[in-house]
>>> print(open('final_34.txt').read())   # compact mmCIF, C-alpha atoms
# COMPACT_ATOMS: atom_id res chain seq x y z
CA MET A 131 5.59 6.75 11.55
CA PRO A 132 1.98 6.30 12.62
CA LEU A 133 -0.45 3.73 11.41
CA PRO A 134 -1.94 4.14 8.93
CA GLY A 135 0.09 7.31 8.67
CA ARG A 136 2.14 7.06 5.55
CA LEU A 137 0.05 4.27 4.04
CA THR A 138 3.39 4.02 2.54
CA PRO A 139 5.97 2.83 0.33
CA ALA A 140 7.27 1.03 3.41
CA ARG A 141 10.94 0.09 3.48
CA THR A 142 11.14 -3.28 1.79
CA GLY A 143 12.45 -6.45 3.29
CA LEU A 144 11.75 -7.80 6.72
CA VAL A 145 13.98 -7.85 9.74
CA GLY A 146 13.20 -7.56 13.40
CA ALA A 147 12.88 -9.27 16.73
CA ALA A 148 10.83 -12.38 17.38
CA LEU A 149 7.06 -12.13 17.23
CA ALA A 150 5.45 -11.37 20.58
CA ALA A 151 3.87 -14.50 22.00
CA ALA A 152 0.82 -12.81 23.45
CA VAL A 153 -1.81 -11.74 20.93
CA THR A 154 -4.42 -9.24 22.03
CA ALA A 155 -7.78 -9.64 20.33
CA GLY A 156 -9.63 -6.42 19.53
CA THR A 157 -13.36 -6.24 20.21
CA LEU A 158 -15.49 -5.25 17.22
CA THR A 159 -17.18 -2.20 18.66
CA ALA A 160 -17.66 1.48 18.08
CA ALA A 161 -17.60 2.43 21.74
CA PRO A 162 -16.38 5.96 22.53
CA ALA A 163 -13.22 4.61 24.15
CA ALA A 164 -10.96 1.69 23.32
CA PRO A 165 -12.51 -1.45 24.84
CA ALA A 166 -10.76 -3.77 27.23
CA VAL A 167 -8.92 -6.37 25.20
CA PRO A 168 -8.16 -9.67 26.93
CA ALA A 169 -4.86 -11.37 26.22
CA ALA A 170 -5.06 -14.44 24.04
CA PRO A 171 -3.39 -17.74 24.95
CA GLU A 172 0.32 -18.05 24.30
CA ILE A 173 1.01 -18.78 20.65
CA PRO A 174 3.43 -21.59 19.83
CA ALA A 175 6.40 -20.63 17.69
CA VAL A 176 6.21 -21.22 13.95
CA THR A 177 8.16 -24.38 13.22
CA ALA A 178 10.20 -25.61 10.29
CA ALA A 179 7.39 -28.07 9.61
CA THR A 180 4.99 -25.15 9.16
CA ASP A 181 7.36 -23.65 6.61
CA ARG A 182 7.71 -26.93 4.75
CA ALA A 183 3.94 -27.21 4.45
CA HIS A 184 3.97 -24.08 2.29
CA ARG A 185 6.78 -25.08 -0.04
CA PRO A 186 5.51 -25.77 -3.58
CA ALA A 187 6.40 -29.10 -5.15
CA THR A 188 7.91 -27.25 -8.15
CA ASP A 189 9.31 -23.80 -7.53
CA HIS A 190 10.64 -22.96 -11.02
CA GLY A 191 13.96 -21.88 -9.53
CA HIS A 192 12.43 -19.71 -6.77
CA HIS A 193 13.84 -21.70 -3.87
CA ARG A 194 15.90 -18.69 -2.74
CA THR A 195 12.76 -16.58 -2.58
CA GLN A 196 10.95 -19.25 -0.57
CA ALA A 197 13.91 -19.38 1.82
CA ALA A 198 13.72 -15.59 2.24
CA LEU A 199 10.02 -15.85 3.10
CA GLU A 200 10.79 -18.40 5.77
CA ALA A 201 13.64 -16.24 7.10
CA ALA A 202 11.20 -13.32 7.38
CA VAL A 203 8.95 -15.41 9.61
CA ARG A 204 11.87 -16.46 11.78
CA ALA A 205 12.78 -12.77 12.07
CA GLY A 206 9.42 -11.91 13.58
CA VAL A 207 6.51 -11.55 11.15
CA PRO A 208 3.39 -13.71 11.56
CA GLY A 209 3.20 -14.80 7.93
CA VAL A 210 4.11 -13.82 4.40
CA THR A 211 2.69 -14.68 0.99
CA ALA A 212 4.33 -14.07 -2.37
CA HIS A 213 3.81 -14.58 -6.07
CA ALA A 214 6.31 -14.22 -8.90
CA ARG A 215 6.08 -14.37 -12.66
CA ASP A 216 9.06 -14.69 -15.01
CA GLY A 217 10.20 -16.69 -18.02
CA HIS A 218 9.42 -19.91 -16.17
CA GLY A 219 5.81 -18.86 -15.64
CA PRO A 220 3.99 -18.19 -12.36
CA TRP A 221 5.20 -19.26 -8.93
CA GLY A 222 3.61 -18.88 -5.52
CA GLY A 223 4.98 -19.32 -2.04
CA ALA A 224 4.08 -18.62 1.58
CA ALA A 225 5.46 -19.09 5.07
CA GLY A 226 4.26 -18.66 8.63
CA VAL A 227 0.71 -18.33 9.85
CA GLY A 228 -2.33 -16.43 8.69
CA ASP A 229 -4.21 -16.81 11.97
CA LEU A 230 -2.20 -16.68 15.18
CA LEU A 231 -4.96 -18.08 17.38
CA ARG A 232 -5.81 -21.04 15.15
CA GLN A 233 -2.25 -21.46 13.81
CA ALA A 234 -3.69 -21.68 10.29
CA PRO A 235 -0.95 -21.34 7.65
CA ARG A 236 -0.58 -18.31 5.43
CA GLY A 237 -2.00 -18.97 1.95
CA GLU A 238 -0.47 -18.37 -1.48
CA HIS A 239 -3.76 -16.97 -2.77
CA ASP A 240 -4.60 -14.68 0.14
CA ARG A 241 -6.28 -11.36 -0.50
CA PHE A 242 -4.97 -8.48 1.59
CA ARG A 243 -5.17 -4.73 2.06
CA ALA A 244 -2.71 -3.35 -0.49
CA GLY A 245 -2.27 0.08 1.12
CA SER A 246 -0.40 2.58 -1.02
CA VAL A 247 -0.17 0.24 -3.98
CA THR A 248 -3.54 1.91 -4.61
CA LYS A 249 -1.62 5.02 -5.66
CA THR A 250 -0.35 3.45 -8.89
CA PHE A 251 -3.94 2.57 -9.88
CA VAL A 252 -5.07 6.14 -9.19
CA ALA A 253 -2.19 7.62 -11.18
CA THR A 254 -2.90 5.24 -14.07
CA VAL A 255 -6.50 6.44 -14.31
CA LEU A 256 -5.46 10.11 -14.28
CA LEU A 257 -2.88 9.45 -17.01
CA GLN A 258 -5.54 7.68 -19.08
CA LEU A 259 -7.74 10.75 -18.69
CA GLU A 260 -4.86 12.92 -19.87
CA ALA A 261 -4.36 10.66 -22.91
CA GLU A 262 -8.07 11.12 -23.68
CA GLY A 263 -7.70 14.91 -23.53
CA ARG A 264 -9.97 15.24 -20.52
CA LEU A 265 -7.34 16.89 -18.33
CA ASP A 266 -3.71 17.99 -18.39
CA LEU A 267 -1.15 17.06 -15.76
CA ASP A 268 -0.42 20.76 -15.40
CA ASP A 269 -4.05 21.64 -14.64
CA LYS A 270 -4.30 23.33 -11.27
CA VAL A 271 -6.10 21.73 -8.36
CA GLY A 272 -7.67 25.07 -7.44
CA ALA A 273 -9.43 25.24 -10.79
CA LEU A 274 -10.57 21.61 -10.68
CA LEU A 275 -11.63 21.60 -7.02
CA PRO A 276 -12.30 25.18 -5.94
CA GLY A 277 -11.90 25.78 -2.21
CA VAL A 278 -10.71 22.27 -1.36
CA VAL A 279 -6.97 22.87 -0.97
CA GLU A 280 -7.04 26.13 0.99
CA GLY A 281 -6.06 27.12 4.50
CA SER A 282 -2.97 27.48 6.68
CA GLY A 283 -0.96 28.60 3.67
CA HIS A 284 -2.10 25.91 1.22
CA ASP A 285 -3.01 27.26 -2.22
CA GLY A 286 -4.56 24.89 -4.74
CA ASP A 287 -4.04 27.44 -7.51
CA ARG A 288 -0.30 26.77 -7.28
CA ILE A 289 -0.56 22.97 -7.24
CA SER A 290 -0.83 20.92 -10.43
CA VAL A 291 -2.14 17.39 -10.83
CA ARG A 292 1.44 16.35 -11.61
CA ARG A 293 2.61 17.67 -8.24
CA LEU A 294 -0.06 15.62 -6.51
CA LEU A 295 1.11 12.45 -8.21
CA ASN A 296 4.84 12.85 -7.59
CA HIS A 297 4.49 14.26 -4.05
CA THR A 298 6.02 17.65 -4.82
CA SER A 299 2.86 19.61 -3.89
CA GLY A 300 3.91 20.38 -0.33
CA ILE A 301 0.41 19.49 0.92
CA HIS A 302 0.57 18.27 4.50
CA ASP A 303 -0.15 14.59 5.14
CA PHE A 304 -3.43 14.14 7.02
CA SER A 305 -2.19 10.81 8.39
CA GLU A 306 0.46 12.63 10.43
CA ASP A 307 -2.09 14.74 12.29
CA PRO A 308 -1.76 13.82 16.01
CA HIS A 309 -5.52 13.61 16.60
CA PHE A 310 -5.99 11.37 13.54
CA VAL A 311 -3.08 9.19 14.64
CA ARG A 312 -4.60 8.76 18.09
CA ARG A 313 -7.93 7.65 16.64
CA VAL A 314 -6.57 5.17 14.12
CA ALA A 315 -3.07 4.13 15.22
CA THR A 316 -3.41 3.48 18.97
CA PRO A 317 -5.79 1.15 20.84
CA GLU A 318 -8.36 3.94 20.48
CA PHE A 319 -8.67 2.45 16.97
CA PHE A 320 -11.29 0.02 18.30
CA ALA A 321 -13.65 2.88 19.05
CA HIS A 322 -13.28 4.26 15.51
CA ARG A 323 -12.64 1.25 13.27
CA HIS A 324 -16.12 1.50 11.67
CA ARG A 325 -16.10 5.27 11.26
CA THR A 326 -16.50 6.63 7.73
CA TRP A 327 -14.01 9.32 6.70
CA THR A 328 -15.03 11.31 3.63
CA PRO A 329 -12.34 12.57 1.25
CA ARG A 330 -13.20 16.17 2.18
CA SER A 331 -12.86 15.41 5.88
CA LEU A 332 -9.39 13.90 5.34
CA VAL A 333 -8.27 16.89 3.28
CA ALA A 334 -9.70 19.24 5.91
CA ILE A 335 -7.45 17.59 8.51
CA ALA A 336 -4.42 18.38 6.35
CA MET A 337 -5.55 21.97 5.85
CA ARG A 338 -5.23 22.62 9.59
CA HIS A 339 -1.46 22.40 9.16
CA GLU A 340 0.96 24.55 7.22
CA PRO A 341 2.33 23.15 3.94
CA ASP A 342 5.53 21.13 4.19
CA PHE A 343 7.12 23.42 1.56
CA ALA A 344 6.16 25.68 -1.33
CA PRO A 345 4.78 23.71 -4.32
CA GLY A 346 7.53 22.32 -6.51
CA THR A 347 10.40 23.12 -4.11
CA GLY A 348 10.72 19.78 -2.32
CA TRP A 349 9.48 16.22 -1.96
CA SER A 350 7.42 14.75 0.85
CA TYR A 351 5.23 11.67 0.79
CA SER A 352 1.69 12.78 1.55
CA ASN A 353 -1.42 10.62 1.51
CA THR A 354 -3.45 13.81 1.12
CA ASN A 355 -2.09 14.16 -2.42
CA TYR A 356 -3.85 10.99 -3.51
CA VAL A 357 -7.08 11.67 -1.67
CA VAL A 358 -7.20 14.90 -3.68
CA ALA A 359 -6.25 12.97 -6.83
CA GLY A 360 -9.23 10.68 -6.28
CA MET A 361 -11.45 13.75 -5.98
CA VAL A 362 -10.05 15.04 -9.29
CA ILE A 363 -11.00 11.77 -10.99
CA GLU A 364 -14.57 12.11 -9.75
CA LYS A 365 -14.71 15.77 -10.82
CA VAL A 366 -13.53 14.99 -14.36
CA THR A 367 -15.52 11.79 -14.94
CA GLY A 368 -18.59 12.28 -12.75
CA ARG A 369 -17.94 8.86 -11.18
CA PRO A 370 -16.13 7.83 -7.98
CA TYR A 371 -12.46 7.05 -8.46
CA GLY A 372 -13.04 3.42 -7.41
CA GLU A 373 -15.60 2.92 -10.17
CA GLU A 374 -13.15 4.32 -12.72
CA ILE A 375 -10.41 1.98 -11.49
CA ARG A 376 -12.77 -0.95 -11.78
CA ARG A 377 -13.93 -0.26 -15.32
CA ARG A 378 -10.57 0.98 -16.66
CA VAL A 379 -8.14 -1.41 -14.95
CA ILE A 380 -9.66 -4.16 -12.81
CA ASP A 381 -12.23 -5.46 -15.30
CA PRO A 382 -10.07 -5.25 -18.47
CA LEU A 383 -7.20 -7.10 -16.76
CA HIS A 384 -9.54 -9.63 -15.10
CA LEU A 385 -8.18 -8.87 -11.65
CA HIS A 386 -10.74 -11.03 -9.89
CA ALA A 387 -9.15 -10.69 -6.43
CA THR A 388 -8.89 -6.89 -6.61
CA SER A 389 -11.44 -4.40 -5.33
CA VAL A 390 -11.94 -0.86 -4.08
CA PRO A 391 -13.99 -1.59 -0.96
CA GLY A 392 -15.20 1.91 -0.08
CA THR A 393 -16.61 1.55 3.44
CA ASP A 394 -16.86 -2.26 3.58
CA PRO A 395 -14.85 -3.29 6.67
CA THR A 396 -14.36 -6.95 5.76
CA LEU A 397 -11.67 -8.84 3.85
CA PRO A 398 -12.97 -11.31 1.24
CA HIS A 399 -11.88 -14.93 1.37
CA PRO A 400 -9.39 -16.41 1.05
CA SER A 401 -7.50 -14.12 3.41
CA SER A 402 -5.47 -14.13 6.60
CA ARG A 403 -5.93 -12.15 9.78
CA ALA A 404 -4.10 -8.81 9.98
CA TYR A 405 -2.05 -7.81 13.04
CA SER A 406 -0.73 -4.51 14.40
CA LYS A 407 1.06 -3.13 17.44
CA LEU A 408 -1.18 -0.01 17.37
CA SER A 409 1.71 1.89 18.86
CA GLY A 410 1.04 5.24 17.23
CA GLY A 411 4.13 4.91 15.06
CA SER A 412 6.65 3.85 17.70
CA GLY A 413 6.38 0.19 16.80
CA SER A 414 7.10 0.44 13.08
CA SER A 415 10.85 -0.09 13.21
CA GLY A 416 10.97 -3.72 14.21
CA SER A 417 10.36 -3.61 17.97
CA SER A 418 8.70 -6.68 19.43
CA ALA A 419 7.63 -4.81 22.57
CA GLY A 420 3.96 -4.53 23.44
CA PRO A 421 0.86 -6.53 22.55
CA VAL A 422 -0.24 -7.52 19.08
CA TYR A 423 -3.82 -6.68 18.03
CA ASP A 424 -6.09 -8.23 15.45
CA VAL A 425 -7.03 -5.30 13.18
CA THR A 426 -8.47 -7.28 10.28
CA GLU A 427 -11.80 -5.48 10.28
CA LEU A 428 -11.75 -1.74 9.58
CA ASN A 429 -13.50 0.87 7.48
CA PRO A 430 -10.93 1.57 4.72
CA SER A 431 -12.28 5.06 4.09
CA LEU A 432 -9.61 6.14 6.58
CA ALA A 433 -7.24 5.74 3.63
CA GLY A 434 -9.50 6.40 0.67
CA ALA A 435 -7.73 6.91 -2.65
CA SER A 436 -4.38 6.94 -0.86
CA GLY A 437 -4.54 3.29 0.14
CA GLU A 438 -7.88 1.47 0.46
CA MET A 439 -7.62 -1.23 -2.21
CA ILE A 440 -7.69 -4.99 -1.62
CA SER A 441 -5.84 -7.36 -3.92
CA SER A 442 -3.73 -10.52 -4.18
CA ALA A 443 -0.08 -11.01 -5.06
CA ALA A 444 -0.93 -12.62 -8.40
CA ASP A 445 -3.30 -9.80 -9.37
CA LEU A 446 -0.76 -7.11 -8.54
CA ASN A 447 1.86 -8.86 -10.66
CA ARG A 448 -0.59 -8.92 -13.54
CA PHE A 449 -1.29 -5.22 -13.08
CA TYR A 450 2.34 -4.05 -12.99
CA THR A 451 3.28 -6.36 -15.87
CA ALA A 452 0.49 -4.89 -18.01
CA LEU A 453 1.33 -1.33 -16.99
CA LEU A 454 5.04 -1.58 -17.77
CA ARG A 455 4.40 -3.36 -21.08
CA GLY A 456 2.20 -0.47 -22.24
CA ALA A 457 -1.14 -2.25 -22.07
CA LEU A 458 -2.75 0.47 -19.93
CA LEU A 459 -1.11 3.72 -21.09
CA PRO A 460 0.18 5.19 -24.35
CA ASP A 461 3.95 5.61 -24.61
CA GLU A 462 3.81 9.31 -23.75
CA GLN A 463 1.90 8.81 -20.53
CA LEU A 464 3.96 5.79 -19.46
CA ALA A 465 7.13 7.81 -20.00
CA ALA A 466 5.67 10.61 -17.87
CA MET A 467 4.81 8.13 -15.14
CA LYS A 468 8.44 6.93 -15.09
CA ARG A 469 9.91 10.44 -15.06
CA THR A 470 11.16 10.52 -11.48
CA VAL A 471 12.21 13.10 -8.92
CA PRO A 472 14.57 12.55 -5.97
CA ALA A 473 12.71 11.13 -2.99
CA THR A 474 14.11 11.26 0.53
CA GLY A 475 13.23 9.77 3.89
CA ARG A 476 12.10 6.28 4.81
CA GLU A 477 8.88 6.72 2.83
CA ALA A 478 10.94 7.11 -0.35
CA ALA A 479 11.93 3.44 -0.35
CA GLY A 480 13.65 3.61 -3.73
CA ASP A 481 15.28 7.07 -3.82
CA ARG A 482 13.29 8.06 -6.95
CA TYR A 483 9.54 8.60 -7.35
CA GLY A 484 7.55 9.10 -10.55
CA LEU A 485 3.80 9.52 -10.92
CA GLY A 486 2.46 6.94 -8.49
CA LEU A 487 5.43 4.74 -9.33
CA MET A 488 8.61 4.07 -7.35
CA ARG A 489 11.96 3.26 -8.92
CA LEU A 490 14.15 0.89 -6.93
CA GLU A 491 17.67 -0.24 -7.80
CA LEU A 492 18.97 -3.31 -6.00
CA PRO A 493 22.63 -3.79 -5.05
CA CYS A 494 23.05 -6.21 -7.95
CA GLY A 495 22.00 -3.45 -10.38
CA THR A 496 18.50 -4.73 -11.18
CA VAL A 497 16.06 -1.83 -11.63
CA LEU A 498 12.49 -2.36 -10.46
CA TRP A 499 9.33 -0.29 -10.78
CA GLY A 500 6.31 -0.57 -8.54
CA HIS A 501 4.97 0.53 -5.19
CA ALA A 502 4.82 -0.53 -1.58
CA GLY A 503 1.97 -0.21 0.85
CA ARG A 504 1.42 -0.15 4.59
CA ILE A 505 -1.91 -0.09 6.31
CA HIS A 506 -3.22 -1.70 9.51
CA GLY A 507 -1.88 -5.24 9.74
CA SER A 508 -0.49 -5.30 6.22
CA LEU A 509 2.84 -4.57 4.52
CA SER A 510 3.05 -5.12 0.78
CA LEU A 511 5.49 -4.61 -2.06
CA ALA A 512 4.69 -5.10 -5.75
CA VAL A 513 7.44 -4.61 -8.34
CA ALA A 514 8.46 -5.60 -11.85
CA THR A 515 11.46 -5.15 -14.10
CA THR A 516 11.43 -2.29 -16.61
CA ASP A 517 10.17 -4.51 -19.44
CA GLY A 518 7.57 -6.18 -17.23
CA GLY A 519 9.16 -9.56 -17.86
CA HIS A 520 9.77 -10.43 -14.23
CA ALA A 521 7.43 -9.46 -11.41
CA LEU A 522 7.16 -10.14 -7.69
CA THR A 523 4.62 -9.18 -5.04
CA TYR A 524 4.72 -10.10 -1.39
CA ASN A 525 2.54 -9.28 1.60
CA VAL A 526 3.14 -9.58 5.34
CA ASN A 527 0.19 -9.75 7.74
CA GLY A 528 1.95 -7.70 10.44
CA ASP A 529 2.80 -4.01 10.11
CA TRP A 530 5.61 -3.42 12.58
CA ILE A 531 8.74 -4.93 11.03
CA ARG A 532 10.75 -3.27 8.28
CA GLY A 533 14.28 -3.48 7.02
CA ARG A 534 16.41 -4.94 4.22
CA ASN A 535 15.49 -6.02 0.70
CA ASP A 536 16.11 -9.72 1.43
CA ILE A 537 13.07 -11.05 -0.43
CA LEU A 538 13.68 -8.81 -3.45
CA GLU A 539 17.35 -9.71 -3.64
CA ALA A 540 16.54 -13.42 -3.39
CA GLU A 541 14.19 -13.10 -6.36
CA PHE A 542 15.98 -10.60 -8.58
CA CYS A 543 19.68 -10.99 -7.71
CA PRO A 544 20.70 -14.58 -8.53
CA THR A 545 24.06 -15.68 -7.26
CA ALA A 546 26.92 -16.12 -9.71
>>> encode(input="final_34.txt", output="structure tokens")
Amino acid sequence: MPLPGRLTPARTGLVGAALAAAVTAGTLTAAPAAPAVPAAPEIPAVTAATDRAHRPATDHGHHRTQAALEAAVRAGVPGVTAHARDGHGPWGGAAGVGDLLRQAPRGEHDRFRAGSVTKTFVATVLLQLEAEGRLDLDDKVGALLPGVVEGSGHDGDRISVRRLLNHTSGIHDFSEDPHFVRRVATPEFFAHRHRTWTPRSLVAIAMRHEPDFAPGTGWSYSNTNYVVAGMVIEKVTGRPYGEEIRRRVIDPLHLHATSVPGTDPTLPHPSSRAYSKLSGGSGSSGSSAGPVYDVTELNPSLAGASGEMISSAADLNRFYTALLRGALLPDEQLAAMKRTVPATGREAAGDRYGLGLMRLELPCGTVLWGHAGRIHGSLSLAVATTDGGHALTYNVNGDWIRGRNDILEAEFCPTA
């Protein structure tokens, strides 16, 4: 799976080989070809003392979660930050490093690129618009955005807003286009990291390919669906989707660490550095082979409404808690959001997908709702129980290791 291809619900949990010792620093440039990138000095291994420095004095019973964070670092990620909220109140933890060159520790309050967690925010706004009578989930994309979803067999007149949100549209994923992958998911990234990608240009990439299937006849995770969904929000409201998210969700919930950055390439402080293999997809299964690149700075328009948001673990817990408790949507719209379809493939993560909302069931039987996200140098998962009473978000500042649900099980599956 390419980067940022499938700015995904990435498979949760973290397993893999040890972190490569050599870190390759990317030059901030827009040169026509990837610049030479000198190898950084060898990085010392993360020690138990580094882990202990992160451990909160009072963990409210979350010691198993903290241990899982530390195990993730030993398994090969640079660093991980997490925040939980339950009947004991809030808890924060972290392990590993946020800056490989300086060996600065990962912080509990770090802001990070949330990737496809953005999709739940986009779906929430569209469901609010439906509740206000300004659109219907069964409205056709062709009527709302004439001429946008056309070409190579795509037909917007057969695709509803609902099918965008639950990935049953069949629209091809622009982030799987080989030319796009080469520009953003290999070392050629450094020549394009500041490039602005408009929503129409991203959709146009998808339109060069045939649909994955006829609308409504299958399921396939496609970032194009949510780029189009963001365009629908702007068409209906007359304002960019990011502005609608801010005034409808971010500001009312006081999500002070959350933003829709548009074309701003920087991460606000506090934050850690973000690291990638830039292997064009071949390094996303846990391989430690190849250099590690610093990809912290990038123009997030390459993801747009499919995955450009920045947030913190505490903010995302607040968002999903409010959403699942009915603070953002009427009962009818929240029920529609949680009406799932079977989801297959590694992008499915939880086997069922609603409207911008994944359903996960852990081996212990706990059911969780939320979303995961993967974008350059960042893997995130934000989930909460059905009643919103227990929430957890974690973020890893490396994008190449994926695997089991160890962190989730530590938090949500207490031992007998």
>>> atom_distance(input="final_34.txt", atom1="CA of Ala435 (chain A)", atom2="CA of Phe304 (chain A)")
12.8 Å
>>> atom_distance(input="final_34.txt", atom1="CA of Thr523 (chain A)", atom2="CA of Val210 (chain A)")
10.5 Å
>>> closest_residue(input="final_34.txt", among="A:Gln463, A:Ser282, A:Ser441, A:Ser436", to="Ser389 (chain A)", atoms="only C-alpha atoms")
A:Ser441
>>> residues_around(input="final_34.txt", residues="Asp307 (chain A)", least_positions_apart="3", cutoff="8 Å", atoms="all atoms listed in the file", output="number ranges by chain")
A: 303-304, 310-311, 335-336
>>> closest_residue(input="final_34.txt", among="A:Leu267, A:Ala224, A:Ala244, A:Ile375", to="Ser510 (chain A)", atoms="all atoms listed in the file")
A:Ala244
>>> residues_near_point(input="final_34.txt", point="(-3.0, 9.8, -18.6)", cutoff="9 Å", atoms="all atoms listed in the file", output="number ranges by chain")
A: 253-263, 265-267, 459-460, 462-464, 466-467
>>> atom_distance(input="final_34.txt", atom1="CA of Thr316 (chain A)", atom2="CA of Ala473 (chain A)")
28.3 Å
>>> closest_residue(input="final_34.txt", among="A:Glu374, A:Asp342, A:Glu541, A:Asp287", to="Asp268 (chain A)", atoms="only C-alpha atoms")
A:Asp287
>>> closest_residue(input="final_34.txt", among="A:Ala197, A:Ala512, A:Ile363, A:Ala202", to="Ala444 (chain A)", atoms="all atoms listed in the file")
A:Ala512
>>> closest_residue(input="final_34.txt", among="A:Asp445, A:Asp517, A:Glu238, A:Asp229", to="Val425 (chain A)", atoms="all atoms listed in the file")
A:Asp229
>>> residues_near_point(input="final_34.txt", point="(-12.5, 17.5, 3.4)", cutoff="12 Å", atoms="all atoms listed in the file", output="number ranges by chain")
A: 275, 277-281, 304, 327-338, 354, 357-358, 361, 434
>>> closest_residue(input="final_34.txt", among="A:Asn296, A:Thr516, A:Thr496, A:Ser508", to="Glu539 (chain A)", atoms="only C-alpha atoms")
A:Thr496
>>> axis_aligned_box(input="final_34.txt", around="region 464-476 of chain A", padding_each_side="3 Å", output="lines of an AutoDock Vina configuration file")
center_x = 9.3
center_y = 9.4
center_z = -7.6
size_x = 16.6
size_y = 13.3
size_z = 30.8
>>> residues_around(input="final_34.txt", residues="Ala433 (chain A)", least_positions_apart="3", cutoff="12 Å", atoms="all atoms listed in the file", output="number ranges by chain")
A: 133-138, 243-249, 303-305, 310, 314, 323, 325-329, 331-333, 352-358, 360, 390-393, 428-430, 436-440, 503-506
>>> residues_around(input="final_34.txt", residues="Gly500 (chain A)", least_positions_apart="3", cutoff="7 Å", atoms="only C-alpha atoms", output="list in words")
Tyr450, Leu487, Met488, Arg489, Ala512, Val513 and Ala514 of chain A
>>> write_last_selection(input="final_34.txt", atoms="C-alpha atoms", output="PDB file, in the coordinates of the input")
ATOM      1  CA  TYR A 450       2.340  -4.050 -12.990  1.00  0.00           C
ATOM      2  CA  LEU A 487       5.430   4.740  -9.330  1.00  0.00           C
ATOM      3  CA  MET A 488       8.610   4.070  -7.350  1.00  0.00           C
ATOM      4  CA  ARG A 489      11.960   3.260  -8.920  1.00  0.00           C
ATOM      5  CA  ALA A 512       4.690  -5.100  -5.750  1.00  0.00           C
ATOM      6  CA  VAL A 513       7.440  -4.610  -8.340  1.00  0.00           C
ATOM      7  CA  ALA A 514       8.460  -5.600 -11.850  1.00  0.00           C
TER       8      ALA A 514
END
>>> residues_around(input="final_34.txt", residues="Pro220 (chain A)", least_positions_apart="3", cutoff="12 Å", atoms="all atoms listed in the file", output="list in words")
Pro186, Thr188, Asp189, His190, Gly191, His192, Ala212, His213, Ala214, Arg215, Asp216, Gly217, Gly223, Glu238, Ala443, Ala444, Asp445, Asn447, Arg448, Gly519, His520, Ala521, Leu522 and Thr523 of chain A
